[in-house]
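Here is the file final.cif (mmCIF, C-alpha atoms).
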data_start
loop_
_atom_site.label_atom_id
_atom_site.label_comp_id
_atom_site.auth_asym_id
_atom_site.auth_seq_id
_atom_site.Cartn_x
_atom_site.Cartn_y
_atom_site.Cartn_z
CA MET A 708 -14.12 7.69 26.64
CA ASP A 709 -10.76 7.52 24.89
CA PRO A 710 -10.79 10.01 21.96
CA GLN A 711 -9.58 7.33 19.53
CA ILE A 712 -12.44 5.04 20.52
CA ILE A 713 -15.01 7.82 20.04
CA ILE A 714 -13.69 8.26 16.51
CA ALA A 715 -13.58 4.53 15.73
CA ARG A 716 -17.12 3.92 17.05
CA ARG A 717 -18.55 6.81 15.05
CA VAL A 718 -16.80 5.74 11.82
CA ALA A 719 -18.10 2.17 12.29
CA LYS A 720 -21.66 3.58 11.98
CA GLU A 721 -20.87 4.52 8.37
CA LEU A 722 -20.33 0.92 7.25
CA LYS A 723 -23.23 -0.78 5.46
CA ASN A 724 -24.05 -4.42 4.87
CA GLY A 725 -21.99 -5.88 2.00
CA ASN A 726 -19.48 -3.00 1.89
CA LEU A 727 -15.89 -3.59 0.77
CA VAL A 728 -13.83 -1.49 3.19
CA ASN A 729 -10.13 -0.61 3.40
CA LEU A 730 -8.81 0.60 6.75
CA GLY A 731 -5.54 2.53 7.01
CA ILE A 732 -3.08 2.23 9.86
CA GLY A 733 -3.57 3.93 13.25
CA ILE A 734 -7.05 4.99 14.40
CA PRO A 735 -8.73 3.54 11.24
CA THR A 736 -7.58 0.02 12.20
CA LEU A 737 -9.65 0.29 15.42
CA VAL A 738 -12.88 0.68 13.41
CA ALA A 739 -13.04 -3.09 12.78
CA ASN A 740 -13.51 -3.63 16.54
CA TYR A 741 -16.83 -1.73 16.55
CA VAL A 742 -18.65 -3.25 13.58
CA PRO A 743 -21.93 -4.83 14.76
CA SER A 744 -21.75 -8.63 14.50
CA ASP A 745 -24.91 -8.81 12.33
CA LEU A 746 -23.28 -6.62 9.67
CA LYS A 747 -21.42 -8.45 6.88
CA VAL A 748 -18.53 -6.21 5.87
CA PHE A 749 -15.54 -7.27 3.75
CA PHE A 750 -12.24 -5.77 4.88
CA GLN A 751 -9.48 -5.48 2.28
CA SER A 752 -5.79 -5.50 3.11
CA GLU A 753 -4.02 -3.92 0.12
CA ASN A 754 -1.20 -6.46 0.19
CA GLY A 755 -3.67 -8.85 -1.43
CA LEU A 756 -6.53 -10.05 0.76
CA ILE A 757 -10.29 -9.54 1.12
CA GLY A 758 -11.76 -11.01 4.28
CA THR A 759 -9.21 -10.08 6.92
CA GLY A 760 -9.92 -11.42 10.39
CA PRO A 761 -8.55 -10.61 13.84
CA ILE A 762 -4.95 -11.09 14.96
CA PRO A 763 -4.46 -14.87 15.24
CA GLU A 764 -4.13 -16.55 18.60
CA GLN A 765 -0.68 -17.31 19.97
CA GLY A 766 0.98 -19.99 17.85
CA MET A 767 -1.54 -19.76 15.02
CA ALA A 768 0.15 -17.07 12.91
CA HIS A 769 1.39 -17.95 9.43
CA PRO A 770 4.31 -16.11 7.76
CA THR A 771 2.38 -15.73 4.48
CA LEU A 772 -0.80 -14.30 6.04
CA THR A 773 -0.05 -10.72 6.97
CA ASP A 774 -1.48 -7.20 6.90
CA ALA A 775 -0.07 -4.21 5.01
CA GLY A 776 2.36 -3.59 7.89
CA GLY A 777 3.70 -7.14 7.62
CA ARG A 778 2.04 -8.24 10.89
CA PRO A 779 0.21 -11.58 11.20
CA ILE A 780 -3.55 -11.53 10.64
CA SER A 781 -6.19 -14.17 10.04
CA ALA A 782 -8.59 -14.72 7.15
CA LEU A 783 -12.33 -15.25 7.60
CA PRO A 784 -14.36 -17.94 5.81
CA GLY A 785 -15.02 -16.63 2.29
CA ALA A 786 -11.74 -14.71 2.12
CA SER A 787 -9.90 -14.29 -1.18
CA THR A 788 -6.31 -13.50 -2.09
CA PHE A 789 -4.87 -11.83 -5.18
CA ASP A 790 -1.82 -10.00 -6.52
CA SER A 791 -1.06 -6.30 -6.12
CA ALA A 792 -2.31 -5.32 -9.60
CA MET A 793 -5.74 -6.75 -8.72
CA SER A 794 -5.60 -5.18 -5.27
CA PHE A 795 -5.01 -1.70 -6.66
CA GLY A 796 -7.40 -2.32 -9.54
CA LEU A 797 -10.04 -2.79 -6.85
CA ILE A 798 -8.95 0.42 -5.13
CA ARG A 799 -8.45 2.72 -8.12
CA GLY A 800 -11.33 1.17 -10.07
CA GLY A 801 -14.00 2.29 -7.60
CA HIS A 802 -14.74 -1.19 -6.25
CA VAL A 803 -13.87 -0.26 -2.66
CA ASP A 804 -16.98 1.25 -1.06
CA ILE A 805 -15.26 2.99 1.84
CA THR A 806 -11.69 3.76 2.77
CA VAL A 807 -10.89 5.08 6.23
CA LEU A 808 -7.57 6.90 6.51
CA GLY A 809 -5.65 8.95 9.03
CA GLY A 810 -4.91 12.59 8.28
CA LEU A 811 -2.39 15.33 8.98
CA GLN A 812 -4.56 18.14 7.57
CA VAL A 813 -7.97 18.45 5.90
CA ASP A 814 -8.88 21.81 4.41
CA ALA A 815 -12.10 23.81 4.03
CA HIS A 816 -12.82 22.12 0.69
CA GLY A 817 -12.14 18.60 1.94
CA LEU A 818 -8.67 18.20 0.44
CA LEU A 819 -6.46 15.86 2.46
CA ALA A 820 -2.73 15.88 3.28
CA ASN A 821 -1.60 12.71 5.01
CA TRP A 822 1.63 11.35 3.55
CA MET A 823 4.52 13.73 3.99
CA ILE A 824 6.01 16.48 6.15
CA PRO A 825 8.75 17.97 3.97
CA GLY A 826 12.15 17.78 5.65
CA LYS A 827 10.78 15.75 8.57
CA MET A 828 8.78 12.73 7.52
CA VAL A 829 9.24 11.32 4.00
CA PRO A 830 8.16 7.68 4.30
CA GLY A 831 6.47 7.41 0.88
CA MET A 832 2.78 7.44 0.08
CA GLY A 833 2.26 3.67 -0.09
CA GLY A 834 -1.34 3.13 -1.15
CA ALA A 835 -2.80 6.38 0.24
CA MET A 836 -2.93 8.33 -3.05
CA ASP A 837 -4.69 5.49 -4.90
CA LEU A 838 -7.17 4.99 -2.05
CA VAL A 839 -8.17 8.66 -1.87
CA THR A 840 -8.37 8.94 -5.65
CA GLY A 841 -10.32 5.74 -6.29
CA ALA A 842 -12.51 4.66 -3.36
CA LYS A 843 -16.24 5.44 -3.59
CA ARG A 844 -16.25 7.17 -0.18
CA VAL A 845 -13.23 8.52 1.68
CA ILE A 846 -13.52 8.97 5.44
CA VAL A 847 -10.75 10.62 7.44
CA ALA A 848 -10.45 9.47 11.05
CA MET A 849 -8.17 11.74 13.07
CA GLN A 850 -7.82 13.87 16.19
CA HIS A 851 -9.36 17.32 15.74
CA ALA A 852 -6.17 19.07 16.83
CA ALA A 853 -2.53 18.14 17.42
CA LYS A 854 -0.55 19.98 20.11
CA GLY A 855 -3.34 22.56 20.27
CA LYS A 856 -3.21 23.22 16.52
CA SER A 857 -6.27 22.61 14.37
CA LYS A 858 -5.92 19.84 11.80
CA ILE A 859 -9.00 21.20 10.00
CA VAL A 860 -7.28 24.05 8.18
CA ALA A 861 -8.30 26.82 5.77
CA LYS A 862 -5.85 25.50 3.18
CA CYS A 863 -3.45 22.55 3.43
CA THR A 864 0.16 23.66 3.92
CA LEU A 865 1.43 20.05 3.59
CA PRO A 866 1.59 18.23 0.22
CA LEU A 867 -1.82 16.95 -0.89
CA THR A 868 -2.63 13.26 -1.13
CA SER A 869 -5.11 13.72 -3.96
CA ALA A 870 -6.98 16.42 -5.86
CA ARG A 871 -10.18 14.58 -4.96
CA PRO A 872 -11.86 15.89 -1.78
CA VAL A 873 -12.75 13.49 1.03
CA ASN A 874 -16.39 12.79 1.90
CA LEU A 875 -16.38 12.86 5.69
CA VAL A 876 -14.06 13.74 8.57
CA VAL A 877 -14.65 12.15 11.96
CA THR A 878 -12.69 13.57 14.88
CA ASP A 879 -12.86 13.29 18.67
CA MET A 880 -14.88 16.56 18.65
CA ALA A 881 -16.99 16.58 15.50
CA VAL A 882 -18.22 15.08 12.26
CA ILE A 883 -17.59 17.34 9.27
CA GLY A 884 -18.93 16.88 5.75
CA PHE A 885 -18.50 18.85 2.53
CA PRO A 886 -21.89 19.43 0.90
CA ASP A 887 -21.40 21.77 -2.09
CA GLY A 888 -17.65 21.61 -1.45
CA LYS A 889 -17.79 23.56 1.81
CA ALA A 890 -16.81 22.29 5.27
CA THR A 891 -19.97 21.86 7.30
CA LEU A 892 -20.38 20.86 10.94
CA LEU A 893 -22.70 17.82 10.89
CA GLU A 894 -22.37 16.52 14.46
CA THR A 895 -20.59 17.28 17.71
CA ALA A 896 -19.03 14.67 20.02
CA PRO A 897 -20.80 13.84 23.28
CA GLY A 898 -20.38 16.69 25.77
CA ILE A 899 -18.78 19.04 23.23
CA SER A 900 -20.55 22.28 22.26
CA VAL A 901 -20.63 23.90 18.82
CA GLY A 902 -18.68 26.82 20.30
CA GLU A 903 -15.91 24.50 21.55
CA VAL A 904 -15.56 22.95 18.09
CA MET A 905 -15.46 26.37 16.42
CA ALA A 906 -12.81 27.55 18.89
CA VAL A 907 -10.31 24.85 17.83
CA THR A 908 -11.13 24.77 14.10
CA GLU A 909 -9.04 26.93 11.80
CA ALA A 910 -11.18 26.38 8.70
CA GLU A 911 -14.40 28.32 8.34
CA LEU A 912 -17.26 25.93 9.10
CA ASP A 913 -20.85 26.17 7.93
CA VAL A 914 -23.06 25.53 10.97
CA PRO A 915 -26.67 24.45 10.38
CA ASP A 916 -29.39 25.68 12.80
CA THR A 917 -29.36 22.39 14.63
CA VAL A 918 -26.27 20.24 15.04
CA PRO A 919 -27.05 16.84 16.55
CA GLU A 920 -24.75 15.03 18.96
CA MET A 921 -22.79 12.02 17.63
CA ARG A 922 -24.50 8.72 18.44
CA ILE A 923 -21.91 6.16 19.36
CA MET B 1078 13.85 -23.23 -17.24
CA LYS B 1079 17.12 -24.36 -15.75
CA ALA B 1080 17.57 -25.56 -12.16
CA VAL B 1081 20.63 -23.97 -10.55
CA SER B 1082 22.17 -23.40 -7.13
CA VAL B 1083 21.63 -20.06 -5.43
CA GLU B 1084 25.38 -19.29 -5.78
CA GLU B 1085 25.33 -19.88 -9.55
CA ALA B 1086 22.19 -17.79 -9.99
CA VAL B 1087 23.47 -14.76 -8.11
CA ALA B 1088 26.87 -14.98 -9.83
CA MET B 1089 25.00 -14.03 -13.06
CA ILE B 1090 23.95 -10.68 -11.56
CA PRO B 1091 26.62 -8.02 -12.20
CA ALA B 1092 27.34 -5.18 -9.77
CA GLY B 1093 25.20 -2.17 -10.68
CA ALA B 1094 22.41 -4.33 -12.11
CA SER B 1095 18.74 -3.38 -11.98
CA ILE B 1096 16.75 -5.91 -9.95
CA MET B 1097 13.07 -6.25 -9.09
CA VAL B 1098 12.43 -8.12 -5.87
CA GLY B 1099 9.02 -9.51 -4.92
CA GLY B 1100 7.54 -9.12 -1.45
CA PHE B 1101 5.54 -6.76 0.73
CA MET B 1102 7.28 -5.82 3.99
CA GLY B 1103 9.48 -8.87 3.49
CA VAL B 1104 6.53 -11.25 3.05
CA GLY B 1105 6.97 -13.15 -0.22
CA THR B 1106 10.59 -12.09 -0.69
CA PRO B 1107 13.11 -14.71 -1.93
CA GLU B 1108 15.26 -14.55 1.23
CA ARG B 1109 17.87 -17.05 -0.01
CA LEU B 1110 18.55 -14.96 -3.10
CA VAL B 1111 18.79 -11.76 -1.05
CA ASP B 1112 21.19 -13.45 1.39
CA GLU B 1113 23.38 -14.59 -1.50
CA VAL B 1114 23.38 -11.12 -3.11
CA VAL B 1115 24.69 -9.83 0.23
CA ARG B 1116 27.27 -12.65 0.51
CA GLN B 1117 28.57 -11.95 -3.01
CA GLN B 1118 28.52 -8.18 -2.25
CA LYS B 1119 26.74 -7.03 -5.40
CA THR B 1120 27.16 -3.27 -5.02
CA GLY B 1121 25.52 -0.30 -6.72
CA LEU B 1122 22.20 -2.06 -7.27
CA SER B 1123 19.22 -0.33 -8.80
CA LEU B 1124 16.43 -1.87 -6.71
CA ILE B 1125 12.74 -1.93 -7.61
CA CYS B 1126 10.70 -3.20 -4.67
CA ASN B 1127 7.43 -2.13 -3.04
CA ASP B 1128 9.13 -1.15 0.22
CA ALA B 1129 12.44 -1.33 2.06
CA ALA B 1130 11.09 -3.91 4.57
CA ILE B 1131 12.81 -3.66 7.97
CA PRO B 1132 16.50 -4.10 8.88
CA GLY B 1133 17.46 -7.80 8.85
CA LYS B 1134 14.45 -8.93 6.81
CA GLY B 1135 13.84 -9.26 3.04
CA VAL B 1136 15.38 -6.44 1.00
CA GLY B 1137 16.11 -4.70 4.30
CA LYS B 1138 19.35 -6.74 4.29
CA LEU B 1139 20.45 -4.97 1.08
CA PHE B 1140 20.31 -1.65 2.96
CA ASP B 1141 22.10 -3.15 5.99
CA ALA B 1142 24.94 -4.04 3.59
CA ALA B 1143 24.72 -0.67 1.74
CA LEU B 1144 24.37 -2.38 -1.66
CA VAL B 1145 21.63 -0.14 -3.07
CA SER B 1146 22.40 3.04 -4.99
CA ARG B 1147 19.00 3.63 -6.55
CA LEU B 1148 15.57 2.66 -5.20
CA THR B 1149 12.11 2.77 -6.75
CA ALA B 1150 9.54 2.01 -4.04
CA THR B 1151 6.20 3.10 -2.57
CA HIS B 1152 7.02 3.22 1.15
CA ILE B 1153 10.27 3.10 3.10
CA GLY B 1154 9.04 4.52 6.41
CA LEU B 1155 9.55 1.32 8.42
CA ASN B 1156 13.26 0.96 7.57
CA PRO B 1157 15.29 3.61 9.41
CA LYS B 1158 18.49 2.54 7.59
CA ALA B 1159 16.95 3.14 4.17
CA GLN B 1160 15.66 6.51 5.44
CA GLN B 1161 19.13 7.50 6.69
CA GLN B 1162 20.77 6.46 3.42
CA MET B 1163 18.18 8.48 1.48
CA LEU B 1164 18.63 11.60 3.65
CA ALA B 1165 22.44 11.26 3.35
CA ASN B 1166 22.06 11.12 -0.45
CA GLN B 1167 23.69 7.66 -0.56
CA ILE B 1168 20.60 6.36 -2.34
CA ASN B 1169 18.65 8.05 -5.07
CA VAL B 1170 15.02 7.30 -4.14
CA ASP B 1171 11.98 7.53 -6.38
CA LEU B 1172 8.77 7.20 -4.34
CA VAL B 1173 5.76 6.08 -6.38
CA PRO B 1174 2.11 5.51 -5.39
CA GLN B 1175 1.59 1.77 -4.93
CA GLY B 1176 -1.11 1.37 -7.57
CA THR B 1177 1.06 3.27 -10.04
CA PHE B 1178 4.13 1.22 -9.09
CA VAL B 1179 2.45 -2.09 -9.85
CA GLU B 1180 0.82 -0.84 -13.07
CA ARG B 1181 4.17 0.49 -14.35
CA ILE B 1182 5.68 -2.96 -13.81
CA ARG B 1183 2.65 -4.66 -15.33
CA ALA B 1184 2.98 -2.37 -18.37
CA GLY B 1185 6.67 -3.24 -18.61
CA GLY B 1186 5.83 -6.92 -18.66
CA CYS B 1187 2.95 -6.62 -21.10
CA GLY B 1188 4.60 -4.62 -23.86
CA LEU B 1189 2.88 -1.33 -23.01
CA GLY B 1190 4.69 2.00 -23.03
CA GLY B 1191 2.99 3.04 -19.79
CA VAL B 1192 -0.42 3.63 -18.23
CA LEU B 1193 -2.78 6.56 -17.69
CA THR B 1194 -3.78 6.90 -14.03
CA PRO B 1195 -5.78 9.53 -12.13
CA THR B 1196 -3.63 8.86 -9.05
CA GLY B 1197 -1.26 11.75 -8.36
CA VAL B 1198 -3.02 14.38 -10.49
CA GLY B 1199 -2.76 17.72 -8.66
CA THR B 1200 -0.03 16.48 -6.28
CA LEU B 1201 3.79 16.47 -6.11
CA VAL B 1202 3.70 13.16 -8.01
CA ALA B 1203 2.52 14.98 -11.16
CA GLU B 1204 5.65 17.15 -11.38
CA GLY B 1205 7.48 16.68 -14.67
CA LYS B 1206 4.88 14.24 -16.04
CA ARG B 1207 2.59 14.54 -19.02
CA GLN B 1208 -1.06 15.07 -18.12
CA ILE B 1209 -3.49 13.70 -20.68
CA GLU B 1210 -7.25 14.27 -20.80
CA VAL B 1211 -9.51 11.38 -21.76
CA ASP B 1212 -13.25 12.13 -21.99
CA GLY B 1213 -12.63 15.34 -20.03
CA LYS B 1214 -10.87 13.64 -17.11
CA PRO B 1215 -7.18 14.28 -16.30
CA PHE B 1216 -4.72 11.39 -16.10
CA LEU B 1217 -0.95 11.16 -15.62
CA LEU B 1218 1.15 9.26 -18.12
CA GLU B 1219 3.25 6.86 -16.04
CA THR B 1220 5.90 5.03 -18.03
CA ALA B 1221 6.63 1.31 -18.00
CA LEU B 1222 9.16 -0.16 -15.57
CA ARG B 1223 11.44 -3.14 -16.32
CA ALA B 1224 14.61 -4.61 -14.82
CA GLN B 1225 17.48 -6.85 -15.88
CA PHE B 1226 16.59 -9.39 -13.19
CA ALA B 1227 13.43 -10.30 -11.28
CA LEU B 1228 13.92 -12.19 -8.01
CA VAL B 1229 10.68 -13.98 -7.30
CA HIS B 1230 9.41 -16.19 -4.48
CA ALA B 1231 6.65 -18.77 -4.96
CA PHE B 1232 4.92 -21.29 -2.71
CA LEU B 1233 4.97 -24.09 -5.29
CA ALA B 1234 7.14 -24.61 -8.35
CA ASP B 1235 6.89 -27.72 -10.50
CA TYR B 1236 9.81 -29.31 -12.37
CA LEU B 1237 8.99 -27.22 -15.45
CA GLY B 1238 8.81 -23.91 -13.57
CA ASN B 1239 5.05 -23.41 -13.29
CA LEU B 1240 4.43 -21.33 -10.15
CA ALA B 1241 1.67 -20.92 -7.56
CA TYR B 1242 1.71 -18.54 -4.62
CA ALA B 1243 0.41 -18.55 -1.04
CA LEU B 1244 -1.93 -16.00 0.57
CA THR B 1245 -0.40 -12.54 0.95
CA SER B 1246 3.07 -13.65 -0.22
CA ARG B 1247 1.83 -13.41 -3.81
CA ASN B 1248 1.75 -9.58 -3.96
CA PHE B 1249 4.18 -8.28 -6.65
CA ASN B 1250 5.79 -11.63 -7.52
CA PRO B 1251 3.67 -12.69 -10.53
CA ILE B 1252 3.74 -9.13 -11.94
CA MET B 1253 7.53 -8.88 -11.66
CA ALA B 1254 7.95 -12.35 -13.23
CA MET B 1255 6.68 -10.73 -16.46
CA ALA B 1256 8.87 -7.62 -16.40
CA ALA B 1257 12.55 -8.62 -16.34
CA ASP B 1258 15.05 -9.96 -18.87
CA THR B 1259 16.00 -12.82 -16.53
CA VAL B 1260 13.62 -14.32 -13.95
CA ILE B 1261 15.10 -16.21 -10.98
CA VAL B 1262 12.76 -18.05 -8.63
CA THR B 1263 12.90 -19.64 -5.20
CA ALA B 1264 9.99 -21.82 -4.06
CA GLU B 1265 8.92 -23.19 -0.68
CA ASN B 1266 8.20 -26.52 -2.35
CA ILE B 1267 9.36 -27.99 -5.66
CA VAL B 1268 6.81 -30.57 -6.80
CA PRO B 1269 6.23 -32.95 -9.73
CA VAL B 1270 4.61 -31.66 -12.90
CA GLY B 1271 0.84 -32.02 -12.52
CA VAL B 1272 0.68 -31.27 -8.80
CA ILE B 1273 -0.24 -27.69 -9.67
CA ALA B 1274 -3.45 -28.02 -11.69
CA PRO B 1275 -3.51 -25.92 -14.88
CA ASP B 1276 -6.22 -23.67 -13.41
CA HIS B 1277 -4.05 -23.02 -10.35
CA VAL B 1278 -0.85 -22.06 -12.18
CA VAL B 1279 -0.39 -18.31 -11.71
CA THR B 1280 2.97 -17.86 -13.45
CA PRO B 1281 3.33 -20.15 -16.49
CA ALA B 1282 6.63 -22.06 -16.80
CA PRO B 1283 7.99 -20.29 -19.92
CA LEU B 1284 8.36 -17.07 -17.89
CA VAL B 1285 10.83 -18.66 -15.46
CA ASP B 1286 14.51 -18.74 -16.50
CA TYR B 1287 16.13 -20.19 -13.38
CA LEU B 1288 14.70 -22.15 -10.45
CA ILE B 1289 16.87 -22.37 -7.34
CA THR B 1290 17.19 -25.96 -6.16
CA ASN B 1291 16.01 -26.70 -2.62
CA GLY B 1292 17.78 -28.43 0.23
#

Could the structure of this file be written out as structure tokens, please?
Amino acid sequence: MDPQIIIARRVAKELKNGNLVNLGIGIPTLVANYVPSDLKVFFQSENGLIGTGPIPEQGMAHPTLTDAGGRPISALPGASTFDSAMSFGLIRGGHVDITVLGGLQVDAHGLLANWMIPGKMVPGMGGAMDLVTGAKRVIVAMQHAAKGKSKIVAKCTLPLTSARPVNLVVTDMAVIGFPDGKATLLETAPGISVGEVMAVTEAELDVPDTVPEMRI
Amino acid sequence: MKAVSVEEAVAMIPAGASIMVGGFMGVGTPERLVDEVVRQQKTGLSLICNDAAIPGKGVGKLFDAALVSRLTATHIGLNPKAQQQMLANQINVDLVPQGTFVERIRAGGCGLGGVLTPTGVGTLVAEGKRQIEVDGKPFLLETALRAQFALVHAFLADYLGNLAYALTSRNFNPIMAMAADTVIVTAENIVPVGVIAPDHVVTPAPLVDYLITNG
């Protein structure tokens, strides 16, 4: 299975009935495709919409109904729209149950860097800092390693997104949580051994006696 | 409120002015006003806008024409021209978290000196800012943001200047309509007074200084 789809399917399992959820760009966007149809989840787009629906059919797009990247989306029955102060009041005020974001690095204490590579990539943080600071649960959805280098690091070398640690990291190899503030291996991906995860993880991981396989 | 042509409205904006422009990735941006700012070549602008849009769209056109000298925004990663101008030091860029950006403008429009936000504590954003503890929790003091002009786009405007917005084109528009000395508005539709029910007016008429005539 495609590594991105493994990640998206596993993250989708975290969503509960009635949750207000904000998905970042990249792998997090794919999560919406794997939400069971009997689950009622509200997706927020931070440009001012709760109740985002799929990309509209050809010819049905409207120039004032867009996602945070400016691309056309649809709105589901029961959707609501609001200004940016309300949108970020929802985010910073703890009204968003789960945010799923991409990551560049997550460290052994769960701190995330995902907005800037000094000298190389300085796009601006957009809504990322508010989301990580304010959402009830923060889930990072990312590849375990990039170009053979672990993205789960001992300490972030890139600028932090927030001083608040994330709750869960889901990669193509593992699920990692931070009980008592320490990176802990909670699950391995199908067909991946604990040893294989440890071999490509820079951060020190706590490993419980039994580590179940991800159910996707 | 006074109804004026787009040429007259933009003629009031001097070179080097500070302007807030509504819109999110060009959605909800008053395109006719931006086009006229480019046509009248208003240089050295201090621009306050969520993002730099993309070349050829929304405020992206201001970067195409190299009219911006200072930018306060939350994300410019999708406009390579704005990126180039920032890296070449042609534009002085202040990148702000989006929730902080909108609250600073809201504060500016509501007579507040600033806001206390937890966003940015312990990051590069905190550099040079006052950190204040409230009930044991750290917050950053983020100061209010205002401009000389706000360029706003609405879906409906009535003859008095009451405004209503459509879907995701609302974004920063009603917040910015509170936070500038002079507020200039374009609307998709100009309608008789009463068409927008009182409960559906988002920006009340007294906030609007100039409405650009349609057609």

My list of candidates is B:Asn1291, B:Thr1196, B:Thr1106, B:Asn1156. Which is closest to Cys1126 (chain B) when distances are computed with only C-alpha atoms?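 Checking each candidate against Cys1126 (chain B), we get B:Thr1106 as the closest.
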
Proximity of chain A to chain B: per-residue shortest pair, 6 Å limit, only C-alpha atoms, as CSV:
residue,atom,partner,partner_atom,distance
A:Asn754,CA,B:Asn1248,CA,6.0
A:Gly755,CA,B:Thr1245,CA,5.5
A:Thr771,CA,B:Ser1246,CA,5.2
A:Leu772,CA,B:Thr1245,CA,5.4
A:Gly777,CA,B:Met1102,CA,5.3
A:Thr788,CA,B:Leu1244,CA,5.7
A:Asp790,CA,B:Asn1248,CA,4.4
A:Ser791,CA,B:Asn1248,CA,4.8
A:Ala792,CA,B:Val1179,CA,5.8
A:Phe795,CA,B:Gly1176,CA,5.0
A:Pro830,CA,B:Gly1154,CA,3.9
A:Gly831,CA,B:His1152,CA,4.2
A:Met832,CA,B:Pro1174,CA,5.8
A:Gly833,CA,B:Thr1151,CA,4.7
A:Gly834,CA,B:Gln1175,CA,5.0
A:Asp837,CA,B:Thr1196,CA,5.5
A:Thr840,CA,B:Thr1196,CA,5.8
A:Leu867,CA,B:Thr1200,CA,5.7
A:Ala870,CA,B:Gly1199,CA,5.2

**Request:** Could you please give me, as a count of residues only, the residues of protein, DNA or RNA lying at most 7 Å from (13.2, -16.8, -13.4) in the coordinate frame of the file, considering all atoms listed in the file?
**Result:** 11

task: Just give me the residues with any atom within 7 Å of (11.3, -29.8, -8.2), file coordinates, counting only C-alpha atoms, written as JSON, numbers by chain.
output: {"B": [1234, 1235, 1236, 1267, 1268, 1269]}

- Starting from the shown file, work through the PyMOL selection byres ((chain A and resi 779-781) around 6) and note down what comes out as a list in words.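 Applied to this file, the PyMOL selection byres ((chain A and resi 779-781) around 6) selects Thr759, Gly760, Pro761, Ile762, Pro763, Ala768, Leu772, Thr773, Arg778 and Ala782 of chain A.
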
Taken to one decimal, the CA of Val803 (chain A)-CA of Met767 (chain A) distance is 29.1 Å

* To one decimal in Å, tell me the separation between CA of Thr891 (chain A) and CA of Arg844 (chain A). =>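 Atom-to-atom, CA of Thr891 (chain A) and CA of Arg844 (chain A) are spaced 16.9 Å apart.
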
What's around Ile713 (chain A) at 12 Å? Count all atoms listed in the file, leave out sequence neighbours fewer than 2 positions away in its own chain, and write the answer as a PyMOL selection string.
chain A and resi 708-711+715-720+734-735+737-738+741+848-851+877-882+895-898+921-923

Item checked: Residue IDs satisfying the PyMOL selection byres ((chain B and resi 1209-1214) around 12), as a list in words ->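 Matching residues under the PyMOL selection byres ((chain B and resi 1209-1214) around 12) are Val1192, Leu1193, Thr1194, Pro1195, Thr1196, Val1198, Ala1203, Lys1206, Arg1207, Gln1208, Pro1215, Phe1216, Leu1217, Leu1218 and Glu1219 of chain B.
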
Write a file for region 1260-1275 of chain B of the given structure; include C-alpha atoms and format it as a JSON list (two decimals), in the first residue's frame.
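So the final result, stored in part.json, reads:
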[["chain", "number", "residue", "atom", "x", "y", "z"],
["B", 1260, "VAL", "CA", -12.72, 52.21, 3.77],
["B", 1261, "ILE", "CA", -13.25, 51.62, 0.04],
["B", 1262, "VAL", "CA", -15.57, 48.84, -1.07],
["B", 1263, "THR", "CA", -16.38, 46.95, -4.25],
["B", 1264, "ALA", "CA", -19.45, 44.69, -4.32],
["B", 1265, "GLU", "CA", -20.64, 41.96, -6.68],
["B", 1266, "ASN", "CA", -24.13, 43.42, -6.49],
["B", 1267, "ILE", "CA", -25.39, 46.84, -5.42],
["B", 1268, "VAL", "CA", -28.99, 46.49, -4.24],
["B", 1269, "PRO", "CA", -31.78, 48.69, -2.84],
["B", 1270, "VAL", "CA", -31.88, 49.45, 0.87],
["B", 1271, "GLY", "CA", -33.86, 46.70, 2.59],
["B", 1272, "VAL", "CA", -32.71, 43.85, 0.35],
["B", 1273, "ILE", "CA", -30.13, 42.96, 3.00],
["B", 1274, "ALA", "CA", -32.20, 42.24, 6.11],
["B", 1275, "PRO", "CA", -30.87, 43.90, 9.29]]
